[in-house]
Number of protein chains: 2
Amino acid sequence: MKSDRIRNMEELANVSGISRPTLSKYFNDPESVRNSTRKKIEEALETYHYRPNIYAMNQNRRLTKNIGIVVPYLADPFFAEIARVIENLVIEGGFRPILLSSHGDTQQEIENLNSLQSIRPAGVLMAPLGRSSDIAAAERFCAEVPTVLFDNSIGDLGEAFFGLDNPQSVGIMVEYLCQTGEPPVFFEMKTPTNPNAYKRRNSYIETMERLGQTPQLIQVDGDTWDFEQIGYQGGLETIQRRKLSSNTVLCSNDRLAIGFLAAAYECGLRVGRGNSFALRVAGHDDHPYARFTCPPLTTVAQDYAAIATKSVEAILSLIESEERAVSRVTTLFSGKLIERASA
Amino acid sequence: MKSDRIRNMEELANVSGISRPTLSKYFNDPESVRNSTRKKIEEALETYHYRPNIYAMNQNRRLTKNIGIVVPYLADPFFAEIARVIENLVIEGGFRPILLSSHGDTQQEIENLNSLQSIRPAGVLMAPLGRSSDIAAAERFCAEVPTVLFDNSIGDLGEAFFGLDNPQSVGIMVEYLCQTGEPPVFFEMKTPTNPNAYKRRNSYIETMERLGQTPQLIQVDGDTWDFEQIGYQGGLETIQRRKLSSNTVLCSNDRLAIGFLAAAYECGLRVGRGNSFALRVAGHDDHPYARFTCPPLTTVAQDYAAIATKSVEAILSLIESEERAVSRVTTLFSGKLIERASA
DNA sequence: ATCATAATTTTACGCGCGTAAAATTTTTGA
DNA sequence: TCAAAAATTTTACGCGCGTAAAATTATGAT
């Protein structure tokens with residue numbers, strides 16, 4: 001290894017015998033140069049260890065190779081997991097993922113979008129906060145940057161949307177619960193931030209009515225992202241004040257269900273399906289921890305992989321086409337019933 | 001609002017009547033210009049909406065305002081939580097956090113470091129993978145970029161280290177368990193990737209011996225970051241093959257404990273403290289979900305906030321001083337016993 | 001060997017900003 | 001009111017790369 005370090009493309013051009021513009025071309029797409037030159041470049045690269053300066057690259061490129069990923073709350077394993085998958089797909093696609101979490105905060109989401117805008121990303125994948133998103137700000141952003149929404153949709157923003165088919169997923173769960181025991185009550189937050197929550201509520205009501213049952217909502221307070229805590233507190237009150245009109249509880253999401261299970265445990269209610277159990281509890285999403293609750297949580301699995309894959313594919317093809325989507329397409333994936341011991 | 005957009009500092013200089021170099025100074029530190037000029041600039045900024053081009057800024061600055069944050073596994077709520085706190089502190093300090101997860105993968109960690117290096121961050125906060133880190137690569141990185149390690153330490157890398165005092169934290173837990181019931185067995189992974197795990201094992205053994213007890217290790221297989229799954233599988237085997245020589249189990253971390261609890265539940269063992277329970281299970285870390293397990297998990301809380309705060313303070317003062325640490329300081333924080341129902 | 005084609009090199013310019021030094025203006029304090 | 005100090009402007013250069021057009025060279029099929 002020759003000692004002196006290569007500080008820029010110019011110097012690499014000198015030692016490799018390849019001209020700087022050709023090197024520039026190589027770094028943008030190794031396949032775009034002749035085989036023999038590629039070989040020379042890669043040999044030089046091995047002995048000299050050089051990486052182009054990202055800032056200089058991005059300053060001059062019309063489009064950067066950055067793809068922003070914005071999630072509402074990264075400390076939620078659901079989003080952590082889907083972000084992980086998306087990150088990998090973005091890298092495979094030859095782009096650089098920039099992961100930002102809004103930490104459940106409106107201001108932070110706006111800040112994230114501003115921050116992204118000054119990075120001039122080629123595209124952005126965004127799961128918005130939902131009800132507490134600043135729609136005007138998001139609109140301005142989407143006008144500037146090709147954006148694909150996932151998980152939940154606000155307004156008609158973005159070039160496309162990929163998410164769960166809530167009516168379907170809640171439907172099969174309600175049907176399952178009705179067929180295998182008592183019809184469920186629906187346990188949820190009173191004013192959830194996530195639009196999916198409203199869809200789930202409505203779908204619960206519709207399915208119950210379709211099955212000739214009377215829907216019953218238990219709505220608890222809470223406006224943070226500490227869903228387990230909210231589920232726990234609300235669960236305690238619900239159980240202690242005997243508000244349960246059924247022995248079966250369908251929670252709007254798994255995190256609420258995890259909290260509810262903790263409350264049921266504390267109250268001495270045995271959760272499970274069958275005569276020896278006092279309560280059935282089901283969740284929704286197939287949260288990474290759902291299989292490790294006590295008892296393991298019956299739930300509806302979202303197809304993480306499909307949502308991630310299709311979202312990335314969409315943004316990549318948008319970027320490649322260099323134009324905006326003709327029309328905004330909404331793609332919904334079916335949920336899959338996961339039968340476990342809790343219901 | 002005048003219609004035409006400001007495209008660069010030059011144009012802002014024209015419309016604001018302030019010279020470009022002064023604007024440059026303002027954006028680097030608004031306090032560094034005269035009050036009257038600051039006012040003028042901010043007025044212009046309100047009507048024209050301009051943000052400096054990050055790439056051009058960082059290309060020319062000797063030091064960027066970027067601070068890298070590398071965690072081994074972001075889908076682990078522990079790291080998600082500590083990363084969240086660190087991010088906020090970094091922003092408060094006037095820097096831009098760049099959050100990267102190694103996803104439990106050696107190659108990804110190296111890639112993260114490479115990626116960071118080409119960003120020329122002012123400093124980096126890193127929680128390494130541990131045993132599976134590429135120490136040589138990390139060493140090269142630390143030689144180039146001021147780096148502060150947290151959570152776990154490999155070699156003598158970095159300018160400083162902030163983490164948990166494992167001997168203390170495991171010590172108080174073992175003492176607590178011994179005083180309130182049978183001495184615990186220690187449930188852990190056979191070959192954990194995290195150096196802390198070894199410290200905990202040793203501390204368990206030492207404390208037990210100090211208390212005149214016979215240490216007993218239950219070591220289960222697994223080399224992924226799916227700790228709950230590993231704890232669950234290992235727990236099932238342990239319980240079914242009656243390998244438990246005590247009714248008290250101390251798990252090396254909460255995620256293993258969560259899996260173990262699931263296994264105990266499946267086997268019909270009631271977990272808790274007192275005569276009516278078959279098993280006591282304790283964890284370690286006070287994982288965000290520990291309070292919602294059934295039963296709620298007795299554990300030792302790490303002082304997230306302290307570790308995050310001190311780590312950020314350390315890197316910020318290093319950056320400000322513009323030189324490397326005189327000597328590598330290790331700061332360990334005490335754990336705090338959290339008594340819950342599981343043990 | 002010959003020529004059309006593709007790849008590369010040369011040349012030249014620009015991106016948007018940091019930064020340094022010298023010249024100028026404003027502020028401060030006596 | 002005036003000189004010293006502080007802030008600002010002017011001037012000038014450079015950072016490392018993208019990119020376009022023209023000139024040159026290599027490739028590959030006939």
# chains A, B, ... in the order shown; residues from 1 in each chain; ligands from 1

$ select_by_dssp --residues "segment 59-89 of chain B" --states "helix (DSSP H, G or I)" --output "PyMOL selection string"
chain B and resi 59-60+77-89

$ write_last_selection --atoms "C-alpha atoms" --output "short mmCIF file (atom, residue, chain, number, x, y, z; two decimals), in the first residue's frame"
data_model
loop_
_atom_site.label_atom_id
_atom_site.label_comp_id
_atom_site.auth_asym_id
_atom_site.auth_seq_id
_atom_site.Cartn_x
_atom_site.Cartn_y
_atom_site.Cartn_z
CA GLN B 59 -18.08 20.83 2.04
CA ASN B 60 -16.26 23.93 3.09
CA PRO B 77 -36.79 -0.52 22.46
CA PHE B 78 -33.95 0.00 24.88
CA PHE B 79 -31.77 1.43 22.15
CA ALA B 80 -34.66 3.17 20.47
CA GLU B 81 -35.37 4.95 23.71
CA ILE B 82 -31.80 5.95 24.48
CA ALA B 83 -31.31 7.03 20.87
CA ARG B 84 -34.36 9.23 21.15
CA VAL B 85 -33.00 10.99 24.21
CA ILE B 86 -29.59 11.39 22.63
CA GLU B 87 -31.06 12.78 19.44
CA ASN B 88 -32.86 15.49 21.35
CA LEU B 89 -29.78 16.42 23.34
#

$ closest_atom_pairs --of "chain A" --to "chain B" --cutoff "8 Å" --atoms "only C-alpha atoms" --output "tab-separated table"
residue	atom	partner	partner_atom	distance
A:Arg51	CA	B:Ser118	CA	7.0
A:Pro52	CA	B:Ser118	CA	7.6
A:Asn53	CA	B:Ser118	CA	6.3
A:Ile54	CA	B:Ser118	CA	6.4
A:Tyr55	CA	B:Tyr55	CA	4.6
A:Ala56	CA	B:Gln59	CA	6.1
A:Asn58	CA	B:Tyr55	CA	6.5
A:Gln59	CA	B:Tyr55	CA	5.4
A:Leu74	CA	B:Ala80	CA	6.5
A:Ala75	CA	B:Ala80	CA	4.8
A:Asp76	CA	B:Pro77	CA	7.1
A:Pro77	CA	B:Ala75	CA	5.5
A:Ala80	CA	B:Ala75	CA	4.8
A:Glu81	CA	B:Ala75	CA	5.7
A:Arg84	CA	B:His103	CA	7.6
A:Ile98	CA	B:Ile98	CA	8.0
A:Leu99	CA	B:Leu99	CA	6.9
A:Leu100	CA	B:Leu99	CA	7.8
A:His103	CA	B:Arg84	CA	7.6
A:Ser118	CA	B:Asn53	CA	6.4
A:Ile119	CA	B:Ile54	CA	6.6
A:Glu228	CA	B:Phe292	CA	7.3
A:Tyr232	CA	B:Phe292	CA	7.9
A:Ile258	CA	B:Phe292	CA	6.8
A:Gly259	CA	B:Phe292	CA	6.1
A:Leu261	CA	B:Cys294	CA	7.6
A:Ala262	CA	B:Phe292	CA	5.3
A:Tyr265	CA	B:Cys294	CA	6.3
A:Glu266	CA	B:Pro295	CA	7.7
A:Phe292	CA	B:Ala262	CA	5.4
A:Thr293	CA	B:Ala262	CA	6.3
A:Cys294	CA	B:Ala262	CA	5.8
A:Pro295	CA	B:Tyr265	CA	7.0
A:Pro296	CA	B:Ala262	CA	7.6

$ interface_residues --of "chain D" --to "chain B" --cutoff "8 Å" --atoms "only C-alpha atoms (C1' of nucleotides)" --output "NGL selection string"
:D and (7-9 or 15-16)

$ residues_around --residues "Phe186 of chain A" --least-positions-apart "2" --cutoff "8 Å" --atoms "only C-alpha atoms (C1' of nucleotides)" --output "number ranges by chain"
A: 184, 188, 201, 204, 215-218, 249-252

$ write_last_selection --atoms "C-alpha atoms" --output "PDB file, in the first residue's frame"
ATOM      1  CA  PRO A 184     -66.219  -8.678  21.353  1.00  0.00           C
ATOM      2  CA  GLU A 188     -59.562   1.869  21.987  1.00  0.00           C
ATOM      3  CA  ARG A 201     -63.502   1.453  14.934  1.00  0.00           C
ATOM      4  CA  TYR A 204     -65.687  -3.109  14.033  1.00  0.00           C
ATOM      5  CA  PRO A 215     -71.280  -3.004  18.804  1.00  0.00           C
ATOM      6  CA  GLN A 216     -69.911  -1.697  22.062  1.00  0.00           C
ATOM      7  CA  LEU A 217     -67.021   0.731  22.350  1.00  0.00           C
ATOM      8  CA  ILE A 218     -64.820   1.233  25.363  1.00  0.00           C
ATOM      9  CA  VAL A 249     -62.150  -7.684  24.218  1.00  0.00           C
ATOM     10  CA  LEU A 250     -60.769  -6.625  20.874  1.00  0.00           C
ATOM     11  CA  CYS A 251     -58.103  -3.965  21.263  1.00  0.00           C
ATOM     12  CA  SER A 252     -57.520  -1.440  18.534  1.00  0.00           C
TER      13      SER A 252
END

$ interface_residues --of "chain C" --to "chain B" --cutoff "6 Å" --atoms "only C-alpha atoms (C1' of nucleotides)" --output "ChimeraX atom specification"
/C:16-18

$ write_last_selection --atoms "N, CA and C atoms (P, O5', C5', C4', C3', O3' and C1' of nucleotides)" --output "PDB file, in the first residue's frame"
ATOM      1  P    DG C  16     -26.634  27.046  -6.765  1.00  0.00           P
ATOM      2  O5'  DG C  16     -26.186  27.307  -5.271  1.00  0.00           O
ATOM      3  C5'  DG C  16     -26.193  26.236  -4.354  1.00  0.00           C
ATOM      4  C4'  DG C  16     -25.229  26.535  -3.245  1.00  0.00           C
ATOM      5  C3'  DG C  16     -25.400  27.922  -2.610  1.00  0.00           C
ATOM      6  O3'  DG C  16     -25.676  27.756  -1.245  1.00  0.00           O
ATOM      7  C1'  DG C  16     -23.133  27.465  -3.072  1.00  0.00           C
ATOM      8  P    DC C  17     -25.920  28.944  -0.250  1.00  0.00           P
ATOM      9  O5'  DC C  17     -24.542  28.982   0.523  1.00  0.00           O
ATOM     10  C5'  DC C  17     -24.208  27.869   1.335  1.00  0.00           C
ATOM     11  C4'  DC C  17     -22.716  27.726   1.439  1.00  0.00           C
ATOM     12  C3'  DC C  17     -22.023  28.710   2.380  1.00  0.00           C
ATOM     13  O3'  DC C  17     -21.916  28.118   3.673  1.00  0.00           O
ATOM     14  C1'  DC C  17     -20.746  28.231   0.398  1.00  0.00           C
ATOM     15  P    DG C  18     -21.338  28.954   4.886  1.00  0.00           P
ATOM     16  O5'  DG C  18     -19.764  28.674   4.778  1.00  0.00           O
ATOM     17  C5'  DG C  18     -19.291  27.360   4.984  1.00  0.00           C
ATOM     18  C4'  DG C  18     -17.772  27.346   5.045  1.00  0.00           C
ATOM     19  C3'  DG C  18     -17.173  28.245   6.117  1.00  0.00           C
ATOM     20  O3'  DG C  18     -16.075  27.575   6.713  1.00  0.00           O
ATOM     21  C1'  DG C  18     -16.395  28.924   3.974  1.00  0.00           C
TER      22       DG C  18
END

$ residues_around --residues "Ile154 of chain B" --least-positions-apart "4" --cutoff "10 Å" --atoms "only C-alpha atoms (C1' of nucleotides)" --output "PyMOL selection string"
chain B and resi 127-135+138-139+149+158+161+194-195
